[in-house]
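Novice: Next up is a structure, given as structure tokens.
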Amino acid sequence: MLEILRPDRDLEAGAPEPASTPMMAQFLAIKAAHADCLLFYRMGDFYELFFDDAVEASRALGITLTKRGKHLGADIPMAGVPVVSADDYLQKLIAQGFRVAVCEQVEDPAEARKRGSKSVVKRDVVRLVTPGTITEETLLEPGRPNHLMAMARLGGADGEWALAWSDLSTGSFRVAASTLEALGADIAAVEPSEIVVPDTLSRDERLAPLFARLGRRVRFEPAQLFDGATATERLCRFYEVATLEGFGAFGRPELAAAAALLAYLGRTQLKARPALARPERVEAGSFLRIDAATRTSLELIRTASGKRSGSLLAAIDRTVTGAGARLLAARLAFPLTDPADIAERQGSVGFFVAEAGLRQALRETLRGLPDLERALARLSLDRGGPRDLGALAEALRRAADLAALEAAPGLPRELGQALRDLAALPTALAEWLTATLGDALPVNRRDGGFIRAGALPALDDALALRDHSRRVVAELQARYASETGLRALKIRHNNVLGYFVEVPEAQGPTLLAVPKEEGRGFTHRQTLASAMRFSTLELADLETRIREAATEALRLELEAFDALRAAVLAQAPALQRASAALGVLDVSAGLADLAVAADWCCPVVDASLAFRVECGRHPVVEAALKASAGPRFVANDCDLSPPAGSGRKGGGAIWLITGPNMGGKSTFLRQNALIAVLAQIGAFVPATSAHIGVVDRLFSRVGASDDLAEGRSTFMVEMVETAAILNQASERTLVVLDEIGRGTATYDGLSIAFAAVEHLHEVNRCRAIFATHFHEMTALAARLKRLSNATVRVKEWEGEVIFLHEVTAGVADRSYGIQVARLAGLPPAVVERARQVLTQLEKSEQGERRTAFIDDLPLFAALNARPAAPAAPPAALAELARIDPDAMSPREALEALYRLKGLAGAG
């Protein structure tokens, strides 16, 4: 069966099997040149697939598998999709990681018929469609970039690494140096739809886990594409420059990656040349590094289930344009680390916060703005249509309106530059597009009808003849009747004679008598029983012009389209800058709108090690509660700044948080990590005030799951991620860890958690929040001077547990696990039995051994060796029993504390 379905095996020796029909021979030859793609072979109104392509497509698309003819004595499987709905099927195939070669008819069928009855129409592949190179509007999400990435390594196994990535649908192009250890985090930041890798790296065992996670997105290509020796020459040739010095300073691996990306685009786009911006270098250390596990944990762009809804991006995205949405996603992927750059973005947001009227007017102008970037990209690849030109015309008109905002007082530098880029757009181009294009524009240029009436006189004449041929013929008929005096004269048409003059048979001699001079006169064509038919040179000419009017009209429209497209592409750099400017305005105004509506503050971001948040909230959870009219989110403070007097030398603080499940520990951990991210993209943050010292790396280990693909258990995944944190965190790093060590035996887990916290404190010296159910760990606060205990408050009322979601200083008295289990719906008998077992365990010999284990630890032994605290006097105990902490204000609590201190001293 495999031999039947794999015709390419038979082509290795040369031409297709002689027994193949001419059409199938053509298919096999084209398929052999694109063996790694599904071949969409154009046949009339359908794209047909044959052999294995048909089998795979029918399975992937859920379409019917049929058969057509035979090959090597067996039926040929066939499946097809209509051309008019091909984009829908392409979208499904691309989403599943397939590559598709689109094979079109490249000649008129009439030309093929001239060569003989067995000749087939010439066909050729006009484009390769891959996940990273799609540009069709119907295949792309407006607010999500679609990146193609290339990975390069120079200098052997321990050499230098680099990444280059581009969004073909917008023309963006960036490069960055990387390292073997950082590849995973750097790729996760870009989230490429497709990544091109030298085939020599397919055997590198160190990259195997990374490639396994990327799956079908990885594309291995010949190593020649990544040749560093010719990279500069290839880049210069693409950009038509003599040197790359004006582009910036690039390392050889970066040039190799960039050149490989261009080479792959050349192989997939064939003759089309994309309008790529000049490559922009992403400087090492200029952005906050966030690894793939942390991005998943924090759900920055998508939730753990892969949905955009519920992510941080979805919660903060108030952009109204495609360019703005993509820019916001890019900023969230690459938060900044330079306080000056962050302050510049904050200034733009702050300007629109203060200028409410201007903000609303800007957003209203931007709302519904066509996607300038993607329209320009399609036109550059010659895949654009009249609607793309119309989108450019409308975008240019609105951009001209926005440019007037440059006169606004107090305009920040970033916004001022954006408005200057808009003001620099050529007004003549906008005027020409507007004057030439009609109001109702078709998707495809070959549909015609997109040139405004009066814009091209020759086109108007051709259209008049095409659309009003009956009127023109009637006018000629009236003239002939008048000149000959024959009122019964008619001009008629049939498929044999074409247009002809018809009169009653008795009046035929009158027409024959008309002198044939200066091209006039009537020529006899046919005699019927009761009529005679004639032709004239004028009528024959009119017939030719009517027949060719539609063709001429389309030719004139296509010429006009090509002229407009050329004018647009000549202004591509200015249009790309304008699109980027629109994105900056949209993002700044959108974040300002969010800050005002959600009552967010502008954080202080500097080069210190501070991390102080007052009344911080989780942006996603708070938005969800508001949307569902749920309870008000409980705000909490967090201060991980170095203790007073320690300065930067001492390192950041660590909070050790205990408390019950469902109490809000994980939410608290995540919200502070998200606040750091928001602060470093230049946004306001959900708090009453915040002071964030720049974070260089962010690690979040919250939640647990298996990695079945690599055969790793939940605990193994937890340990791998914890190892990455402990091996890479620095004093500028922010770490949030939840339940380390809970996936193994109690003593093993407690020991690992114990050692991990010590390492974070003494070696990494980073700012960290560590949540745990190992209450024994709270004793660490007595020895680790930068570690503080905090707990999530709960309240018991008549046997019920009430979660207050308040984080306060102190230690949880117990975990309330059984109460949470009851809330989850465990059968009452199970809950009651659990209570009995817990009571027995707390009194059992095992509990005594546990105490002995803790006593044997050097840390706890040292703590227990200290003299016991003297017993409190009876008066102090009586006063303590009288106090109700839940009913006291902060001031009353402080006064009570002083009273207790006084009573204790008196005793």
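Chain labels A, B, ... are given in the sequence in which chains occur in the structure tokens; within each chain residues are numbered consecutively from 1, and ligands are likewise numbered from 1 in the order shown.
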Please, which residues of stretch 69-164 of chain A, numbered as in this document, come out alpha helix (DSSP H) from DSSP, as a PyMOL selection string?
Specialist: chain A and resi 86-95+109-114
Novice: Please, could you write that set of residues out with N, CA and C atoms as an mmCIF file, in the first residue's frame?
Specialist:
data_model
loop_
_atom_site.group_PDB
_atom_site.id
_atom_site.type_symbol
_atom_site.label_atom_id
_atom_site.label_comp_id
_atom_site.auth_asym_id
_atom_site.auth_seq_id
_atom_site.Cartn_x
_atom_site.Cartn_y
_atom_site.Cartn_z
ATOM 1 N N ALA A 86 -10.630 28.132 -0.190
ATOM 2 C CA ALA A 86 -9.339 27.503 0.103
ATOM 3 C C ALA A 86 -8.700 28.054 1.367
ATOM 4 N N ASP A 87 -8.897 29.351 1.664
ATOM 5 C CA ASP A 87 -8.271 29.951 2.843
ATOM 6 C C ASP A 87 -8.702 29.260 4.130
ATOM 7 N N ASP A 88 -9.970 28.868 4.201
ATOM 8 C CA ASP A 88 -10.460 28.182 5.403
ATOM 9 C C ASP A 88 -9.726 26.858 5.608
ATOM 10 N N TYR A 89 -9.530 26.131 4.519
ATOM 11 C CA TYR A 89 -8.839 24.851 4.626
ATOM 12 C C TYR A 89 -7.349 25.046 4.887
ATOM 13 N N LEU A 90 -6.763 26.070 4.282
ATOM 14 C CA LEU A 90 -5.360 26.373 4.556
ATOM 15 C C LEU A 90 -5.142 26.672 6.031
ATOM 16 N N GLN A 91 -6.065 27.420 6.614
ATOM 17 C CA GLN A 91 -5.944 27.784 8.025
ATOM 18 C C GLN A 91 -5.896 26.533 8.896
ATOM 19 N N LYS A 92 -6.745 25.562 8.595
ATOM 20 C CA LYS A 92 -6.755 24.331 9.389
ATOM 21 C C LYS A 92 -5.465 23.545 9.203
ATOM 22 N N LEU A 93 -4.972 23.483 7.984
ATOM 23 C CA LEU A 93 -3.738 22.737 7.726
ATOM 24 C C LEU A 93 -2.530 23.400 8.374
ATOM 25 N N ILE A 94 -2.447 24.717 8.254
ATOM 26 C CA ILE A 94 -1.321 25.444 8.847
ATOM 27 C C ILE A 94 -1.339 25.299 10.364
ATOM 28 N N ALA A 95 -2.536 25.358 10.957
ATOM 29 C CA ALA A 95 -2.650 25.219 12.410
ATOM 30 C C ALA A 95 -2.148 23.863 12.882
ATOM 31 N N PRO A 109 -6.122 28.204 -20.898
ATOM 32 C CA PRO A 109 -6.455 26.873 -21.446
ATOM 33 C C PRO A 109 -6.527 26.856 -22.975
ATOM 34 N N ALA A 110 -6.894 27.990 -23.584
ATOM 35 C CA ALA A 110 -6.969 28.048 -25.048
ATOM 36 C C ALA A 110 -5.599 27.804 -25.668
ATOM 37 N N GLU A 111 -4.541 28.285 -25.020
ATOM 38 C CA GLU A 111 -3.201 28.070 -25.529
ATOM 39 C C GLU A 111 -2.830 26.592 -25.477
ATOM 40 N N ALA A 112 -3.264 25.906 -24.419
ATOM 41 C CA ALA A 112 -2.986 24.473 -24.308
ATOM 42 C C ALA A 112 -3.698 23.699 -25.413
ATOM 43 N N ARG A 113 -4.922 24.100 -25.748
ATOM 44 C CA ARG A 113 -5.676 23.405 -26.790
ATOM 45 C C ARG A 113 -5.006 23.546 -28.152
ATOM 46 N N LYS A 114 -4.321 24.644 -28.382
ATOM 47 C CA LYS A 114 -3.630 24.836 -29.654
ATOM 48 C C LYS A 114 -2.510 23.822 -29.846
#
Novice: Quick one: residues within 9 Å of stretch 732-740 of chain A, only C-alpha atoms, excluding same-chain residues fewer than 5 positions away - as JSON, numbers by chain?
Specialist: {"A": [608, 609, 651, 652, 665, 666, 669, 670, 672, 673, 676, 693, 694, 695, 696, 697, 698, 699, 700, 701, 702, 703, 718, 719, 722, 725, 749, 750, 752, 753, 756, 760, 764, 765, 766, 767, 768, 769, 770, 771, 772, 773, 774]}
Novice: Would you put the residues from that selection into a file with N, CA and C atoms, as a compact mmCIF listing (two decimals), in the first residue's frame?
Specialist:
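For reference, part-v8.txt as written:
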# COMPACT_ATOMS: atom_id res chain seq x y z
N SER A 608 17.44 50.58 41.87
CA SER A 608 17.63 50.06 43.22
C SER A 608 17.19 48.61 43.29
N LEU A 609 17.25 48.04 44.49
CA LEU A 609 16.74 46.69 44.74
C LEU A 609 15.40 46.74 45.47
N GLY A 651 21.23 42.35 49.84
CA GLY A 651 20.30 41.57 49.03
C GLY A 651 18.87 41.84 49.42
N GLY A 652 17.96 41.30 48.58
CA GLY A 652 16.53 41.54 48.79
C GLY A 652 15.95 40.65 49.87
N LYS A 665 -2.79 32.37 48.60
CA LYS A 665 -1.32 32.47 48.53
C LYS A 665 -0.85 32.56 47.07
N SER A 666 -1.35 31.67 46.22
CA SER A 666 -0.91 31.65 44.83
C SER A 666 -1.27 32.95 44.12
N LEU A 669 1.24 35.56 45.20
CA LEU A 669 2.53 35.37 44.54
C LEU A 669 2.49 35.91 43.11
N ARG A 670 1.49 35.49 42.37
CA ARG A 670 1.40 35.88 40.96
C ARG A 670 1.19 37.38 40.80
N ASN A 672 2.19 39.89 42.46
CA ASN A 672 3.40 40.70 42.61
C ASN A 672 4.35 40.51 41.44
N ALA A 673 4.40 39.29 40.90
CA ALA A 673 5.20 39.07 39.69
C ALA A 673 4.62 39.85 38.52
N ALA A 676 5.41 43.53 38.66
CA ALA A 676 6.76 43.81 38.19
C ALA A 676 6.80 43.86 36.67
N GLY A 693 12.49 48.25 41.99
CA GLY A 693 13.84 48.25 41.46
C GLY A 693 13.89 47.28 40.29
N VAL A 694 14.51 47.65 39.20
CA VAL A 694 14.46 46.87 37.97
C VAL A 694 14.81 45.40 38.22
N VAL A 695 13.98 44.52 37.69
CA VAL A 695 14.19 43.07 37.79
C VAL A 695 14.84 42.60 36.50
N ASP A 696 15.94 41.82 36.61
CA ASP A 696 16.60 41.34 35.39
C ASP A 696 16.06 40.00 34.92
N ARG A 697 15.66 39.16 35.87
CA ARG A 697 15.05 37.86 35.55
C ARG A 697 13.85 37.65 36.45
N LEU A 698 12.86 36.99 35.91
CA LEU A 698 11.66 36.68 36.68
C LEU A 698 11.42 35.18 36.62
N PHE A 699 11.29 34.57 37.80
CA PHE A 699 11.00 33.15 37.88
C PHE A 699 9.73 32.94 38.69
N SER A 700 8.85 32.13 38.15
CA SER A 700 7.62 31.80 38.87
C SER A 700 7.42 30.30 38.80
N ARG A 701 7.31 29.70 39.97
CA ARG A 701 7.06 28.26 40.04
C ARG A 701 5.78 28.10 40.88
N VAL A 702 4.63 28.25 40.21
CA VAL A 702 3.34 28.17 40.89
C VAL A 702 2.48 27.17 40.14
N GLY A 703 2.03 26.12 40.81
CA GLY A 703 1.24 25.10 40.14
C GLY A 703 2.14 23.94 39.74
N GLU A 718 8.94 19.81 38.79
CA GLU A 718 9.13 20.81 39.86
C GLU A 718 10.60 20.98 40.19
N MET A 719 11.33 19.89 40.28
CA MET A 719 12.75 19.97 40.63
C MET A 719 13.57 20.59 39.50
N THR A 722 12.91 24.27 39.64
CA THR A 722 13.56 24.85 40.83
C THR A 722 15.06 24.93 40.62
N ILE A 725 15.99 27.94 38.63
CA ILE A 725 15.92 29.17 39.44
C ILE A 725 17.16 29.32 40.31
N GLY A 749 10.74 16.30 51.15
CA GLY A 749 10.22 17.58 50.67
C GLY A 749 10.60 18.73 51.59
N LEU A 750 10.47 18.51 52.89
CA LEU A 750 10.83 19.54 53.85
C LEU A 750 12.31 19.88 53.76
N ILE A 752 14.28 19.58 51.09
CA ILE A 752 14.55 20.31 49.85
C ILE A 752 14.10 21.75 49.97
N ALA A 753 12.88 21.94 50.51
CA ALA A 753 12.37 23.31 50.66
C ALA A 753 13.26 24.11 51.60
N ALA A 756 16.44 25.00 49.77
CA ALA A 756 16.19 25.95 48.68
C ALA A 756 16.07 27.37 49.22
N LEU A 760 18.47 30.57 48.32
CA LEU A 760 17.96 31.84 47.83
C LEU A 760 18.45 33.00 48.69
N ASN A 764 21.81 33.26 46.15
CA ASN A 764 21.18 34.09 45.12
C ASN A 764 20.94 35.52 45.61
N ARG A 765 20.60 35.66 46.91
CA ARG A 765 20.38 36.96 47.54
C ARG A 765 19.34 37.79 46.78
N CYS A 766 18.33 37.12 46.27
CA CYS A 766 17.33 37.78 45.42
C CYS A 766 16.09 38.12 46.23
N ARG A 767 15.22 38.88 45.63
CA ARG A 767 13.90 39.15 46.20
C ARG A 767 13.00 37.97 45.88
N ALA A 768 12.32 37.46 46.88
CA ALA A 768 11.55 36.23 46.66
C ALA A 768 10.35 36.15 47.58
N ILE A 769 9.32 35.45 47.09
CA ILE A 769 8.16 35.08 47.91
C ILE A 769 8.05 33.55 47.83
N PHE A 770 8.04 32.91 48.99
CA PHE A 770 8.06 31.46 49.06
C PHE A 770 6.86 31.01 49.88
N ALA A 771 5.90 30.35 49.21
CA ALA A 771 4.71 29.86 49.92
C ALA A 771 4.89 28.38 50.23
N THR A 772 4.48 27.98 51.42
CA THR A 772 4.68 26.59 51.82
C THR A 772 3.61 26.15 52.82
N HIS A 773 3.40 24.83 52.88
CA HIS A 773 2.57 24.23 53.92
C HIS A 773 3.44 23.57 55.00
N PHE A 774 4.77 23.63 54.82
CA PHE A 774 5.66 23.12 55.85
C PHE A 774 5.79 24.19 56.93
Novice: Find the spatial neighbours of A:Met23, counting only C-alpha atoms, within a cut-off of 7 Å - ignore same-chain residues fewer than 3 positions away - and output them as a VMD selection string.
Specialist: chain A and resid 26 to 27 120
Novice: Identify which of the residues A:Gly485, A:Gly448, A:Pro515, A:Pro619 lies closest to A:Leu556, counting only C-alpha atoms when measuring atom-to-atom distances.
Specialist: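 Of A:Gly485, A:Gly448, A:Pro515, A:Pro619, the one nearest A:Leu556 is A:Gly448, counting only C-alpha atoms.
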Novice: I'd like the contact shell of stretch 334-343 of chain A - 9 Å cut-off, only C-alpha atoms, skipping same-chain residues fewer than 2 positions apart - returned as a count of residues only.
Specialist: 31
Novice: Report the residues of stretch 91-288 of chain A whose backbone DSSP state falls under strand (DSSP E or B), written as a VMD selection string.
Specialist: chain A and resid 100 to 105 123 to 129 147 to 154 160 to 167 172 to 178 194 to 198 218 to 221 280 to 281 287
Novice: Taking 6 positions as the minimum chain separation for residues in the same chain, which residues sit within 9 Å of stretch 300-314 of chain A when counting only C-alpha atoms? Answer as a JSON list (two decimals) with N, CA and C atoms, in the first residue's frame.
Specialist:
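In the end it all went to selection_2.json:
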[["chain", "number", "residue", "atom", "x", "y", "z"],
["A", 294, "THR", "N", 7.90, 30.04, 33.40],
["A", 294, "THR", "CA", 7.36, 31.21, 34.10],
["A", 294, "THR", "C", 6.26, 31.86, 33.27],
["A", 328, "LEU", "N", 1.49, 45.90, 21.91],
["A", 328, "LEU", "CA", 1.30, 45.60, 23.33],
["A", 328, "LEU", "C", 1.77, 44.19, 23.64],
["A", 329, "ALA", "N", 1.45, 43.24, 22.77],
["A", 329, "ALA", "CA", 1.91, 41.86, 22.98],
["A", 329, "ALA", "C", 3.43, 41.79, 22.93],
["A", 332, "LEU", "N", 4.84, 43.15, 26.16],
["A", 332, "LEU", "CA", 4.64, 42.21, 27.24],
["A", 332, "LEU", "C", 5.61, 41.04, 27.13],
["A", 333, "ALA", "N", 6.00, 40.69, 25.91],
["A", 333, "ALA", "CA", 6.97, 39.61, 25.71],
["A", 333, "ALA", "C", 8.37, 40.04, 26.10],
["A", 619, "PRO", "N", -4.27, 41.84, 38.55],
["A", 619, "PRO", "CA", -5.01, 42.51, 37.48],
["A", 619, "PRO", "C", -6.05, 41.63, 36.80],
["A", 620, "VAL", "N", -5.74, 40.34, 36.63],
["A", 620, "VAL", "CA", -6.68, 39.46, 35.93],
["A", 620, "VAL", "C", -7.83, 39.06, 36.84],
["A", 621, "VAL", "N", -7.51, 38.68, 38.08],
["A", 621, "VAL", "CA", -8.57, 38.26, 39.01],
["A", 621, "VAL", "C", -9.49, 39.42, 39.33],
["A", 624, "ALA", "N", -11.83, 39.96, 36.48],
["A", 624, "ALA", "CA", -12.84, 38.91, 36.40],
["A", 624, "ALA", "C", -13.93, 39.11, 37.46],
["A", 674, "LEU", "N", 3.29, 39.86, 38.39],
["A", 674, "LEU", "CA", 2.65, 40.58, 37.29],
["A", 674, "LEU", "C", 2.81, 42.09, 37.44]]
Novice: Report, in Å with one decimal, the straight-line distance from atom CA of A:Glu299 to atom CA of A:Met662.
Specialist: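 If I compute the distance from atom CA of A:Glu299 to atom CA of A:Met662, I get 19.3 Å.
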Novice: Please measure the separation of atom CA of A:His524 and atom CA of A:Ala474, giving the value in Å to one decimal.
Specialist: 20.6 Å
Novice: Mind running stretch 82-188 of chain A against stretch 252-264 of chain A at 7 Å and telling me each contacting residue's nearest atom pair with the distance in Å (one decimal), counting only C-alpha atoms, chain and number ascending, as a tab-separated table?
Specialist:
residue	atom	partner	partner_atom	distance
A:Met149	CA	A:Leu261	CA	6.9
A:Ala150	CA	A:Leu261	CA	5.4
A:Met151	CA	A:Ala257	CA	5.7
A:Ala152	CA	A:Ala257	CA	4.9
A:Arg153	CA	A:Pro253	CA	6.2
A:Leu154	CA	A:Pro253	CA	5.9
A:Glu160	CA	A:Pro253	CA	6.4
A:Trp161	CA	A:Pro253	CA	6.0
A:Ala162	CA	A:Glu254	CA	5.0
A:Leu163	CA	A:Ala257	CA	5.8
A:Ala164	CA	A:Ala258	CA	5.2
A:Val175	CA	A:Glu254	CA	6.2
A:Ala176	CA	A:Glu254	CA	6.4
A:Ala177	CA	A:Glu254	CA	6.2
Novice: With only C-alpha atoms as the atoms that count, which of A:Arg278, A:Arg295, A:Arg123, A:Arg445 lies nearest to A:Asp186?
Specialist: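 The closest residue to A:Asp186 is A:Arg295.
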Novice: Rank nothing, just name the residue among A:Gly215, A:Gly350, A:Gly498, A:Pro509 nearest to A:Arg547, using only C-alpha atoms.
Specialist: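 Looking at the shortest contact to A:Arg547, the residue is A:Gly498.
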Novice: Smallest atom-to-atom distance to A:Leu476: which of A:Leu539, A:Leu894, A:Val496, A:Ala391, using only C-alpha atoms?
Specialist: A:Leu539
Novice: Could you pull the residues within 10 Å of A:Ser169, counting only C-alpha atoms, minus those fewer than 5 positions along the same chain, as an mmCIF file with N, CA and C atoms, in the first residue's frame?
Specialist:
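Result file part.cif:
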data_model
loop_
_atom_site.group_PDB
_atom_site.id
_atom_site.type_symbol
_atom_site.label_atom_id
_atom_site.label_comp_id
_atom_site.auth_asym_id
_atom_site.auth_seq_id
_atom_site.Cartn_x
_atom_site.Cartn_y
_atom_site.Cartn_z
ATOM 1 N N GLY A 132 4.875 30.054 9.377
ATOM 2 C CA GLY A 132 5.527 31.334 9.676
ATOM 3 C C GLY A 132 5.518 32.333 8.544
ATOM 4 N N THR A 133 4.873 31.992 7.405
ATOM 5 C CA THR A 133 4.931 32.896 6.255
ATOM 6 C C THR A 133 3.562 33.291 5.725
ATOM 7 N N ILE A 134 2.507 33.034 6.459
ATOM 8 C CA ILE A 134 1.185 33.408 5.964
ATOM 9 C C ILE A 134 0.971 34.914 6.134
ATOM 10 N N THR A 135 0.231 35.480 5.187
ATOM 11 C CA THR A 135 -0.067 36.914 5.227
ATOM 12 C C THR A 135 -1.545 37.199 5.008
ATOM 13 N N GLU A 136 -2.327 36.200 4.629
ATOM 14 C CA GLU A 136 -3.743 36.425 4.347
ATOM 15 C C GLU A 136 -4.477 36.902 5.595
ATOM 16 N N GLU A 137 -5.311 37.879 5.406
ATOM 17 C CA GLU A 137 -6.062 38.448 6.523
ATOM 18 C C GLU A 137 -6.928 37.400 7.195
ATOM 19 N N LEU A 140 -4.897 35.091 9.732
ATOM 20 C CA LEU A 140 -4.151 35.700 10.829
ATOM 21 C C LEU A 140 -5.087 36.301 11.867
ATOM 22 N N PRO A 145 1.061 38.774 16.495
ATOM 23 C CA PRO A 145 2.095 38.656 15.468
ATOM 24 C C PRO A 145 2.260 37.210 15.022
ATOM 25 N N ASN A 146 2.788 37.015 13.845
ATOM 26 C CA ASN A 146 3.025 35.672 13.313
ATOM 27 C C ASN A 146 4.495 35.589 12.914
ATOM 28 N N HIS A 147 5.310 35.110 13.850
ATOM 29 C CA HIS A 147 6.758 35.181 13.665
ATOM 30 C C HIS A 147 7.340 33.929 13.023
ATOM 31 N N PRO A 274 9.522 40.403 -0.016
ATOM 32 C CA PRO A 274 8.819 41.062 1.094
ATOM 33 C C PRO A 274 9.446 42.397 1.456
ATOM 34 N N ALA A 275 8.611 43.317 1.911
ATOM 35 C CA ALA A 275 9.093 44.640 2.341
ATOM 36 C C ALA A 275 9.482 44.561 3.813
ATOM 37 N N LEU A 276 10.628 43.959 4.088
ATOM 38 C CA LEU A 276 11.092 43.817 5.468
ATOM 39 C C LEU A 276 11.818 45.084 5.907
ATOM 40 N N GLU A 373 -0.017 48.029 8.371
ATOM 41 C CA GLU A 373 1.167 47.169 8.269
ATOM 42 C C GLU A 373 0.901 45.957 7.395
ATOM 43 N N ARG A 374 -0.196 45.266 7.670
ATOM 44 C CA ARG A 374 -0.459 44.018 6.957
ATOM 45 C C ARG A 374 -0.909 44.268 5.520
ATOM 46 N N ALA A 375 -1.622 45.365 5.285
ATOM 47 C CA ALA A 375 -1.976 45.713 3.909
ATOM 48 C C ALA A 375 -0.715 45.972 3.095
ATOM 49 N N LEU A 376 0.236 46.706 3.677
ATOM 50 C CA LEU A 376 1.495 47.004 2.989
ATOM 51 C C LEU A 376 2.278 45.723 2.719
ATOM 52 N N ALA A 377 2.294 44.799 3.686
ATOM 53 C CA ALA A 377 3.035 43.545 3.509
ATOM 54 C C ALA A 377 2.438 42.723 2.370
ATOM 55 N N ARG A 378 1.118 42.639 2.295
ATOM 56 C CA ARG A 378 0.491 41.877 1.208
ATOM 57 C C ARG A 378 0.789 42.514 -0.153
ATOM 58 N N SER A 380 3.419 44.249 -0.925
ATOM 59 C CA SER A 380 4.832 44.032 -1.258
ATOM 60 C C SER A 380 5.066 42.639 -1.817
ATOM 61 N N LEU A 381 4.267 41.669 -1.368
ATOM 62 C CA LEU A 381 4.390 40.288 -1.846
ATOM 63 C C LEU A 381 3.523 40.028 -3.075
#
Novice: One decimal, in Å: what's the spacing between atom CA of A:Pro412 and atom CA of A:Gly324?
Specialist: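 Answer for the atom CA of A:Pro412 to atom CA of A:Gly324 separation: 18.3 Å.
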Novice: Calculated over only C-alpha atoms, which of the candidates A:Gly266, A:Pro22, A:Gly384, A:Gly508 has the smallest distance to A:Gln526?
Specialist: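 Looking only at the distances to A:Gln526, the closest residue turns out to be A:Gly508.
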